[in-house]
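Asker: Got a file for you: protein34.cif, mmCIF, C-alpha atoms.
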```cif
data_structure
loop_
_atom_site.label_atom_id
_atom_site.label_comp_id
_atom_site.auth_asym_id
_atom_site.auth_seq_id
_atom_site.Cartn_x
_atom_site.Cartn_y
_atom_site.Cartn_z
CA MET A 1 60.43 79.96 104.26
CA THR A 2 62.71 82.35 106.13
CA LYS A 3 63.95 85.19 103.94
CA PRO A 4 67.75 85.53 103.70
CA LEU A 5 67.79 89.04 105.23
CA ALA A 6 65.06 88.55 107.82
CA ASN A 7 65.54 90.64 110.97
CA ARG A 8 68.31 92.68 109.38
CA ILE A 9 68.40 96.48 109.32
CA ALA A 10 69.51 98.09 106.06
CA LEU A 11 70.30 101.79 105.58
CA VAL A 12 70.08 102.90 101.94
CA THR A 13 71.03 106.44 100.93
CA GLY A 14 69.61 108.13 97.86
CA ALA A 15 66.64 105.78 98.10
CA SER A 16 63.99 107.96 96.45
CA ARG A 17 64.80 106.95 92.86
CA GLY A 18 67.08 105.01 90.55
CA ILE A 19 69.46 102.38 91.89
CA GLY A 20 68.83 103.35 95.51
CA PHE A 21 65.06 102.96 95.10
CA ALA A 22 65.43 99.58 93.40
CA THR A 23 68.01 98.33 95.91
CA ALA A 24 65.84 99.28 98.87
CA ILE A 25 62.93 97.31 97.36
CA ALA A 26 65.15 94.30 96.60
CA LEU A 27 66.58 94.27 100.13
CA ALA A 28 63.08 94.55 101.58
CA LYS A 29 61.89 91.61 99.46
CA ALA A 30 64.80 89.63 100.93
CA GLY A 31 63.45 90.41 104.40
CA ALA A 32 65.39 93.45 105.58
CA HIS A 33 63.78 96.41 107.32
CA ILE A 34 64.78 99.43 105.25
CA VAL A 35 65.94 102.74 106.68
CA ALA A 36 65.66 104.95 103.60
CA THR A 37 67.19 108.39 103.26
CA ALA A 38 66.75 110.95 100.49
CA ARG A 39 66.13 114.65 100.11
CA THR A 40 62.65 114.21 98.61
CA GLN A 41 59.81 113.20 100.90
CA GLY A 42 57.56 112.30 97.96
CA GLY A 43 60.04 109.81 96.53
CA LEU A 44 60.44 108.18 99.93
CA GLU A 45 56.69 107.82 100.29
CA GLU A 46 56.51 106.13 96.89
CA LEU A 47 59.24 103.76 98.05
CA ASP A 48 57.33 102.99 101.23
CA ASP A 49 54.22 102.16 99.21
CA GLU A 50 56.16 99.75 97.01
CA ILE A 51 57.84 98.04 99.96
CA ARG A 52 54.54 97.61 101.79
CA LYS A 53 52.92 96.06 98.70
CA ASP A 54 55.22 93.07 99.20
CA GLY A 55 54.71 92.94 102.96
CA GLY A 56 57.96 94.70 103.80
CA SER A 57 58.64 97.56 106.18
CA ALA A 58 60.59 100.80 106.04
CA THR A 59 61.55 103.82 108.10
CA LEU A 60 61.68 107.00 106.05
CA VAL A 61 64.33 109.61 106.87
CA PRO A 62 64.19 112.81 104.77
CA LEU A 63 67.80 113.98 104.97
CA ASN A 64 70.22 116.05 102.94
CA LEU A 65 73.48 114.17 103.32
CA THR A 66 75.44 117.41 103.41
CA ASP A 67 73.91 117.77 106.91
CA SER A 68 76.69 116.02 108.82
CA ASP A 69 74.94 116.62 112.14
CA GLY A 70 71.84 115.00 110.65
CA ILE A 71 73.85 111.89 109.80
CA ALA A 72 75.15 111.80 113.36
CA ARG A 73 71.58 112.09 114.70
CA LEU A 74 70.53 109.24 112.41
CA GLY A 75 73.30 107.07 113.81
CA ALA A 76 72.23 107.90 117.36
CA GLY A 77 68.61 107.12 116.49
CA LEU A 78 69.53 103.75 115.00
CA HIS A 79 71.58 102.93 118.08
CA GLU A 80 68.69 103.81 120.38
CA ARG A 81 66.09 101.89 118.38
CA TYR A 82 68.00 98.84 117.12
CA GLY A 83 71.41 98.84 118.79
CA LYS A 84 73.00 97.82 115.49
CA LEU A 85 73.05 98.23 111.73
CA ASP A 86 73.46 95.20 109.46
CA ILE A 87 73.69 96.78 106.01
CA LEU A 88 74.83 100.14 104.67
CA VAL A 89 74.35 100.93 100.99
CA GLY A 90 76.06 104.22 100.16
CA ASN A 91 74.26 105.04 96.94
CA ALA A 92 73.46 108.77 97.05
CA GLY A 93 75.46 110.85 94.61
CA VAL A 94 75.29 113.87 92.34
CA LEU A 95 76.66 114.26 88.83
CA GLY A 96 77.67 117.89 89.02
CA PRO A 97 78.56 120.02 86.01
CA SER A 98 79.57 118.78 82.57
CA SER A 99 82.23 121.36 81.73
CA PRO A 100 85.97 121.80 81.25
CA ILE A 101 87.78 122.10 84.58
CA GLY A 102 88.67 125.73 83.98
CA HIS A 103 84.99 126.64 83.66
CA ILE A 104 83.91 125.08 86.97
CA GLU A 105 83.53 127.29 90.04
CA LEU A 106 85.19 126.15 93.26
CA LYS A 107 81.86 126.12 95.10
CA THR A 108 80.36 123.83 92.46
CA PHE A 109 83.30 121.44 92.81
CA ASN A 110 82.99 121.48 96.60
CA ASP A 111 79.25 120.80 96.38
CA VAL A 112 79.90 117.58 94.45
CA MET A 113 82.59 116.48 96.88
CA ALA A 114 80.29 117.21 99.83
CA VAL A 115 77.68 114.70 98.67
CA ASN A 116 79.83 112.08 96.98
CA VAL A 117 82.76 111.99 99.42
CA SER A 118 82.30 113.91 102.67
CA ALA A 119 78.82 112.54 103.30
CA ASN A 120 80.10 108.99 102.92
CA PHE A 121 83.02 109.78 105.22
CA GLN A 122 80.53 110.91 107.85
CA LEU A 123 78.37 107.84 107.25
CA ILE A 124 81.38 105.61 107.84
CA ARG A 125 82.28 107.45 111.04
CA CYS A 126 78.76 107.32 112.42
CA MET A 127 77.68 103.87 111.24
CA GLU A 128 80.85 101.83 111.84
CA PRO A 129 80.10 101.23 115.56
CA LEU A 130 76.59 100.05 114.65
CA LEU A 131 77.81 97.81 111.83
CA LYS A 132 80.31 96.24 114.22
CA GLN A 133 77.45 95.38 116.57
CA SER A 134 75.97 93.21 113.81
CA ASP A 135 76.98 89.57 113.52
CA ALA A 136 77.60 90.23 109.81
CA GLY A 137 77.84 93.94 109.03
CA ARG A 138 77.96 94.68 105.32
CA ALA A 139 78.71 97.97 103.51
CA VAL A 140 78.44 98.54 99.77
CA PHE A 141 79.30 101.81 98.02
CA ILE A 142 78.12 102.61 94.50
CA ILE A 143 81.00 103.87 92.39
CA SER A 144 81.62 104.67 88.73
CA GLY A 145 83.97 103.78 85.91
CA ALA A 146 84.45 107.53 85.45
CA ALA A 147 86.89 107.37 88.36
CA ASN A 148 89.53 105.14 86.76
CA LYS A 149 88.87 106.48 83.26
CA ALA A 150 89.34 110.08 84.47
CA THR A 151 86.46 110.98 82.16
CA ALA A 152 86.77 114.40 80.54
CA TYR A 153 84.24 117.15 81.28
CA VAL A 154 82.86 115.48 84.42
CA SER A 155 85.99 115.99 86.51
CA PRO A 156 84.29 116.75 89.85
CA TYR A 157 82.20 113.59 89.56
CA ALA A 158 85.15 111.45 88.44
CA ALA A 159 87.41 112.83 91.17
CA SER A 160 84.76 112.32 93.83
CA LYS A 161 84.17 108.71 92.83
CA ALA A 162 87.90 108.04 92.84
CA ALA A 163 88.09 109.50 96.34
CA LEU A 164 85.15 107.38 97.46
CA GLU A 165 86.84 104.25 96.10
CA THR A 166 90.00 104.98 98.08
CA LEU A 167 88.07 105.86 101.23
CA ALA A 168 86.08 102.62 101.12
CA ARG A 169 89.13 100.50 100.32
CA ALA A 170 91.03 102.01 103.25
CA TRP A 171 88.05 101.26 105.50
CA ALA A 172 87.98 97.68 104.21
CA GLN A 173 91.63 97.26 105.20
CA GLU A 174 91.06 98.80 108.61
CA THR A 175 88.19 96.40 109.31
CA ALA A 176 89.57 93.29 107.58
CA ASN A 177 89.98 91.45 110.89
CA THR A 178 86.41 92.14 112.00
CA LYS A 179 83.06 90.70 110.89
CA LEU A 180 82.42 93.81 108.80
CA ARG A 181 82.78 93.43 105.03
CA VAL A 182 83.18 96.55 102.84
CA ASN A 183 82.89 96.40 99.06
CA LEU A 184 82.35 98.56 95.98
CA PHE A 185 79.82 98.15 93.19
CA ASN A 186 80.15 99.65 89.71
CA PRO A 187 76.79 99.50 87.90
CA GLY A 188 78.04 100.98 84.63
CA PRO A 189 75.50 102.65 82.31
CA VAL A 190 72.00 102.19 83.78
CA ARG A 191 68.60 103.59 82.89
CA THR A 192 68.56 106.38 85.48
CA ARG A 193 67.85 110.11 85.53
CA MET A 194 71.53 110.83 86.12
CA ARG A 195 72.51 108.84 83.02
CA ALA A 196 69.88 110.64 80.94
CA THR A 197 71.27 113.99 82.08
CA LEU A 198 74.80 112.99 81.11
CA MET A 199 73.87 111.31 77.81
CA PRO A 200 70.66 112.98 76.58
CA GLY A 201 70.87 111.44 73.09
CA GLU A 202 71.18 107.86 74.34
CA ASP A 203 68.28 105.45 73.89
CA PRO A 204 67.38 104.37 77.44
CA ALA A 205 65.89 101.14 76.12
CA THR A 206 69.45 99.97 75.37
CA LEU A 207 70.37 100.12 79.07
CA ASP A 208 69.64 97.75 81.94
CA THR A 209 67.18 98.97 84.56
CA PRO A 210 67.96 99.79 88.18
CA GLU A 211 65.88 96.76 89.17
CA GLN A 212 68.18 94.45 87.19
CA VAL A 213 71.23 96.01 88.82
CA ALA A 214 69.80 95.82 92.34
CA GLU A 215 69.54 92.03 92.16
CA PHE A 216 73.34 91.89 92.03
CA ILE A 217 73.82 94.30 94.95
CA VAL A 218 71.75 92.23 97.36
CA PRO A 219 74.22 89.29 97.56
CA LEU A 220 76.99 91.66 98.69
CA CYS A 221 74.76 92.58 101.63
CA ALA A 222 74.10 89.03 102.79
CA PRO A 223 75.62 87.42 105.90
CA ASP A 224 77.22 84.69 103.80
CA TRP A 225 79.19 87.22 101.71
CA THR A 226 82.81 86.91 102.84
CA GLU A 227 84.88 89.08 100.48
CA THR A 228 86.01 92.55 101.50
CA GLY A 229 87.80 95.39 99.74
CA LYS A 230 86.65 94.10 96.35
CA PHE A 231 85.04 95.71 93.31
CA TYR A 232 82.00 94.17 91.63
CA ASP A 233 81.67 95.17 88.00
CA TYR A 234 78.05 94.74 86.94
CA LYS A 235 78.67 95.00 83.19
CA THR A 236 81.02 92.00 83.18
CA ARG A 237 79.41 90.29 86.22
CA THR A 238 82.89 90.03 87.72
CA LEU A 239 84.23 90.45 91.24
CA MET A 240 87.60 92.15 90.93
CA SER A 241 90.58 92.92 93.12
CA PHE A 242 92.29 96.31 92.85
CA ARG A 243 95.72 96.37 91.24
CA ALA A 244 98.30 99.11 91.19
CA PRO A 245 99.05 100.52 87.71
CA ALA A 246 101.71 98.56 85.85
#
```
Using the file provided, produce a representation of the structure as structure tokens.

Answerer:
Amino acid sequence: MTKPLANRIALVTGASRGIGFATAIALAKAGAHIVATARTQGGLEELDDEIRKDGGSATLVPLNLTDSDGIARLGAGLHERYGKLDILVGNAGVLGPSSPIGHIELKTFNDVMAVNVSANFQLIRCMEPLLKQSDAGRAVFIISGAANKATAYVSPYAASKAALETLARAWAQETANTKLRVNLFNPGPVRTRMRATLMPGEDPATLDTPEQVAEFIVPLCAPDWTETGKFYDYKTRTLMSFRAPA
């Protein structure tokens, strides 16, 4: 039986652990060749081992996403090797400090924005031409409820996720008349290292695993997915449209 993502190329950022790791494996099981980026070589090698166990394939790209020239080189390399990109999963992100705004240094704020916003801006710039070469380009960005809740004490993270939402929604509107579909995915509380850092007293056994979440990201990456500019809320299993405040 032909797998639903056979012969498709999927770029997953932040793929060395957590939701990115699980999503890369799930996409590979569906037949996609995974181009996995992360800062940690060891985590990428573990991912490669897991993908190969199921007969999948991956290209490992150790990359700090604050290296904008590195993202551009990755885009050029994908163009040279494949001539297209079918799937982009913008998952990489950092939590940043848990402090009142007045206690946060400007550099610390900028560091969070560099990974969570600017890196995704550069990914969009560099990968859009490749995604448009696909017969069904799909982009999914992992966001957070902290953005619309304006969660206290994690203001850089909340602000960065709000900015990412707006950036992706604008891109969805710009590409609405093309074959490219751009959507957002809010996983909610998940059993990840980032969640444990934010909520150290929380029992992780009460949370869903990244593997459970990843199963719901894969459909948004499929050629038969037609919605764009939407927001999938994992907790409620609901695809939502954005509405202006009443």

Asker: Would you mind telling me which residue in A:Asn186, A:Asn116, A:Thr59, A:Ser134 lies nearest to Phe231 (chain A) when using all atoms listed in the file?

Answerer: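 Going through A:Asn186, A:Asn116, A:Thr59, A:Ser134 one by one, the smallest distance to Phe231 (chain A) is for A:Asn186.
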
Asker: Could you work out how far CA of Ala38 (chain A) lies from CA of Leu78 (chain A), giving the answer in Å with one decimal?

Answerer: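 Separation between CA of Leu78 (chain A) and CA of Ala38 (chain A): 16.4 Å.
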
Asker: Might you spell out which residues the PyMOL selection byres ((chain A and resi 65) around 10) would select in the displayed file, as a compact mmCIF listing (two decimals) with C-alpha atoms, in the coordinates of the input?

Answerer:
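part-v6.txt, written as the output of this step:
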```
# COMPACT_ATOMS: atom_id res chain seq x y z
CA THR A 13 71.03 106.44 100.93
CA GLY A 14 69.61 108.13 97.86
CA THR A 37 67.19 108.39 103.26
CA ALA A 38 66.75 110.95 100.49
CA ARG A 39 66.13 114.65 100.11
CA PRO A 62 64.19 112.81 104.77
CA LEU A 63 67.80 113.98 104.97
CA ASN A 64 70.22 116.05 102.94
CA THR A 66 75.44 117.41 103.41
CA ASP A 67 73.91 117.77 106.91
CA SER A 68 76.69 116.02 108.82
CA ASP A 69 74.94 116.62 112.14
CA GLY A 70 71.84 115.00 110.65
CA ILE A 71 73.85 111.89 109.80
CA ALA A 92 73.46 108.77 97.05
CA GLY A 93 75.46 110.85 94.61
CA ALA A 114 80.29 117.21 99.83
CA VAL A 115 77.68 114.70 98.67
CA ASN A 116 79.83 112.08 96.98
CA SER A 118 82.30 113.91 102.67
CA ALA A 119 78.82 112.54 103.30
CA ASN A 120 80.10 108.99 102.92
CA GLN A 122 80.53 110.91 107.85
CA LEU A 123 78.37 107.84 107.25
```

Asker: For the PyMOL selection byres ((chain A and resi 168) around 9), applied here, can you spell out every residue it catches as a list in words?

Answerer: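 Given this file, the PyMOL selection byres ((chain A and resi 168) around 9) evaluates to Asn120, Phe121, Ile124, Val140, Phe141, Ala163, Leu164, Glu165, Thr166, Leu167, Arg169, Ala170, Trp171, Ala172, Gln173, Val182, Asn183, Leu184 and Gly229 of chain A.
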
Asker: Could you tell me which of A:Leu106, A:Val94, A:Ala32, A:Leu239 comes closest to Ala58 (chain A) if we count only C-alpha atoms?

Answerer: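 The closest residue to Ala58 (chain A) is A:Ala32.
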
Asker: Need to verify the contact set: Val218 (chain A), 9 Å, all atoms listed in the file, exclusion of same-chain residues closer than 5 positions in sequence. Can you return it as a list in words?

Answerer: Thr23, Ala26, Leu27 and Ala30 of chain A

Asker: Could you add the missing atoms to region 12-37 of chain A, up to N, CA, C and O atoms, and return them as a PDB file, keeping the file's coordinate frame?

Answerer:
```
ATOM      1  N   VAL A  12      69.826 102.630 103.351  1.00  0.00           N
ATOM      2  CA  VAL A  12      70.080 102.900 101.940  1.00  0.00           C
ATOM      3  C   VAL A  12      69.989 104.401 101.715  1.00  0.00           C
ATOM      4  O   VAL A  12      68.952 105.011 101.994  1.00  0.00           O
ATOM      5  N   THR A  13      71.058 105.001 101.209  1.00  0.00           N
ATOM      6  CA  THR A  13      71.030 106.440 100.930  1.00  0.00           C
ATOM      7  C   THR A  13      70.644 106.675  99.468  1.00  0.00           C
ATOM      8  O   THR A  13      70.871 105.829  98.606  1.00  0.00           O
ATOM      9  N   GLY A  14      70.067 107.844  99.213  1.00  0.00           N
ATOM     10  CA  GLY A  14      69.610 108.130  97.860  1.00  0.00           C
ATOM     11  C   GLY A  14      68.540 107.159  97.415  1.00  0.00           C
ATOM     12  O   GLY A  14      68.525 106.702  96.272  1.00  0.00           O
ATOM     13  N   ALA A  15      67.594 106.861  98.318  1.00  0.00           N
ATOM     14  CA  ALA A  15      66.640 105.780  98.100  1.00  0.00           C
ATOM     15  C   ALA A  15      65.352 106.212  97.405  1.00  0.00           C
ATOM     16  O   ALA A  15      64.451 105.398  97.227  1.00  0.00           O
ATOM     17  N   SER A  16      65.252 107.474  97.004  1.00  0.00           N
ATOM     18  CA  SER A  16      63.990 107.960  96.450  1.00  0.00           C
ATOM     19  C   SER A  16      63.833 107.676  94.961  1.00  0.00           C
ATOM     20  O   SER A  16      62.731 107.816  94.418  1.00  0.00           O
ATOM     21  N   ARG A  17      64.907 107.259  94.291  1.00  0.00           N
ATOM     22  CA  ARG A  17      64.800 106.950  92.860  1.00  0.00           C
ATOM     23  C   ARG A  17      66.015 106.154  92.409  1.00  0.00           C
ATOM     24  O   ARG A  17      66.988 105.993  93.140  1.00  0.00           O
ATOM     25  N   GLY A  18      65.944 105.668  91.177  1.00  0.00           N
ATOM     26  CA  GLY A  18      67.080 105.010  90.550  1.00  0.00           C
ATOM     27  C   GLY A  18      67.556 103.765  91.260  1.00  0.00           C
ATOM     28  O   GLY A  18      66.765 102.962  91.763  1.00  0.00           O
ATOM     29  N   ILE A  19      68.870 103.593  91.309  1.00  0.00           N
ATOM     30  CA  ILE A  19      69.460 102.380  91.890  1.00  0.00           C
ATOM     31  C   ILE A  19      69.148 102.267  93.373  1.00  0.00           C
ATOM     32  O   ILE A  19      68.909 101.170  93.884  1.00  0.00           O
ATOM     33  N   GLY A  20      69.144 103.392  94.089  1.00  0.00           N
ATOM     34  CA  GLY A  20      68.830 103.350  95.510  1.00  0.00           C
ATOM     35  C   GLY A  20      67.416 102.866  95.768  1.00  0.00           C
ATOM     36  O   GLY A  20      67.168 102.045  96.668  1.00  0.00           O
ATOM     37  N   PHE A  21      66.468 103.369  95.006  1.00  0.00           N
ATOM     38  CA  PHE A  21      65.060 102.960  95.100  1.00  0.00           C
ATOM     39  C   PHE A  21      64.929 101.467  94.851  1.00  0.00           C
ATOM     40  O   PHE A  21      64.310 100.737  95.636  1.00  0.00           O
ATOM     41  N   ALA A  22      65.531 100.998  93.760  1.00  0.00           N
ATOM     42  CA  ALA A  22      65.430  99.580  93.400  1.00  0.00           C
ATOM     43  C   ALA A  22      66.132  98.684  94.412  1.00  0.00           C
ATOM     44  O   ALA A  22      65.641  97.595  94.743  1.00  0.00           O
ATOM     45  N   THR A  23      67.277  99.138  94.932  1.00  0.00           N
ATOM     46  CA  THR A  23      68.010  98.330  95.910  1.00  0.00           C
ATOM     47  C   THR A  23      67.242  98.219  97.213  1.00  0.00           C
ATOM     48  O   THR A  23      67.201  97.151  97.832  1.00  0.00           O
ATOM     49  N   ALA A  24      66.639  99.317  97.640  1.00  0.00           N
ATOM     50  CA  ALA A  24      65.840  99.280  98.870  1.00  0.00           C
ATOM     51  C   ALA A  24      64.697  98.267  98.732  1.00  0.00           C
ATOM     52  O   ALA A  24      64.428  97.485  99.652  1.00  0.00           O
ATOM     53  N   ILE A  25      64.028  98.260  97.582  1.00  0.00           N
ATOM     54  CA  ILE A  25      62.930  97.310  97.360  1.00  0.00           C
ATOM     55  C   ILE A  25      63.463  95.878  97.353  1.00  0.00           C
ATOM     56  O   ILE A  25      62.874  94.978  97.966  1.00  0.00           O
ATOM     57  N   ALA A  26      64.583  95.650  96.674  1.00  0.00           N
ATOM     58  CA  ALA A  26      65.150  94.300  96.600  1.00  0.00           C
ATOM     59  C   ALA A  26      65.579  93.795  97.979  1.00  0.00           C
ATOM     60  O   ALA A  26      65.362  92.623  98.314  1.00  0.00           O
ATOM     61  N   LEU A  27      66.182  94.667  98.779  1.00  0.00           N
ATOM     62  CA  LEU A  27      66.580  94.270 100.130  1.00  0.00           C
ATOM     63  C   LEU A  27      65.362  93.981 100.993  1.00  0.00           C
ATOM     64  O   LEU A  27      65.366  93.041 101.804  1.00  0.00           O
ATOM     65  N   ALA A  28      64.311  94.778 100.821  1.00  0.00           N
ATOM     66  CA  ALA A  28      63.080  94.550 101.580  1.00  0.00           C
ATOM     67  C   ALA A  28      62.446  93.219 101.194  1.00  0.00           C
ATOM     68  O   ALA A  28      61.955  92.480 102.055  1.00  0.00           O
ATOM     69  N   LYS A  29      62.439  92.901  99.914  1.00  0.00           N
ATOM     70  CA  LYS A  29      61.890  91.610  99.460  1.00  0.00           C
ATOM     71  C   LYS A  29      62.664  90.444 100.056  1.00  0.00           C
ATOM     72  O   LYS A  29      62.103  89.371 100.278  1.00  0.00           O
ATOM     73  N   ALA A  30      63.966  90.670 100.317  1.00  0.00           N
ATOM     74  CA  ALA A  30      64.800  89.630 100.930  1.00  0.00           C
ATOM     75  C   ALA A  30      64.623  89.569 102.438  1.00  0.00           C
ATOM     76  O   ALA A  30      65.242  88.738 103.102  1.00  0.00           O
ATOM     77  N   GLY A  31      63.791  90.476 102.987  1.00  0.00           N
ATOM     78  CA  GLY A  31      63.450  90.410 104.400  1.00  0.00           C
ATOM     79  C   GLY A  31      63.973  91.510 105.283  1.00  0.00           C
ATOM     80  O   GLY A  31      63.625  91.586 106.461  1.00  0.00           O
ATOM     81  N   ALA A  32      64.811  92.393 104.751  1.00  0.00           N
ATOM     82  CA  ALA A  32      65.390  93.450 105.580  1.00  0.00           C
ATOM     83  C   ALA A  32      64.383  94.558 105.859  1.00  0.00           C
ATOM     84  O   ALA A  32      63.517  94.851 105.038  1.00  0.00           O
ATOM     85  N   HIS A  33      64.509  95.167 107.035  1.00  0.00           N
ATOM     86  CA  HIS A  33      63.780  96.410 107.320  1.00  0.00           C
ATOM     87  C   HIS A  33      64.632  97.540 106.762  1.00  0.00           C
ATOM     88  O   HIS A  33      65.825  97.648 107.075  1.00  0.00           O
ATOM     89  N   ILE A  34      64.036  98.389 105.951  1.00  0.00           N
ATOM     90  CA  ILE A  34      64.780  99.430 105.250  1.00  0.00           C
ATOM     91  C   ILE A  34      64.699 100.758 105.991  1.00  0.00           C
ATOM     92  O   ILE A  34      63.611 101.219 106.336  1.00  0.00           O
ATOM     93  N   VAL A  35      65.850 101.357 106.224  1.00  0.00           N
ATOM     94  CA  VAL A  35      65.940 102.740 106.680  1.00  0.00           C
ATOM     95  C   VAL A  35      66.369 103.536 105.450  1.00  0.00           C
ATOM     96  O   VAL A  35      67.502 103.413 104.987  1.00  0.00           O
ATOM     97  N   ALA A  36      65.444 104.294 104.885  1.00  0.00           N
ATOM     98  CA  ALA A  36      65.660 104.950 103.600  1.00  0.00           C
ATOM     99  C   ALA A  36      65.858 106.435 103.777  1.00  0.00           C
ATOM    100  O   ALA A  36      65.034 107.110 104.388  1.00  0.00           O
ATOM    101  N   THR A  37      66.947 106.949 103.212  1.00  0.00           N
ATOM    102  CA  THR A  37      67.190 108.390 103.260  1.00  0.00           C
ATOM    103  C   THR A  37      67.201 108.961 101.849  1.00  0.00           C
ATOM    104  O   THR A  37      67.611 108.308 100.892  1.00  0.00           O
TER     105      THR A  37
END
```
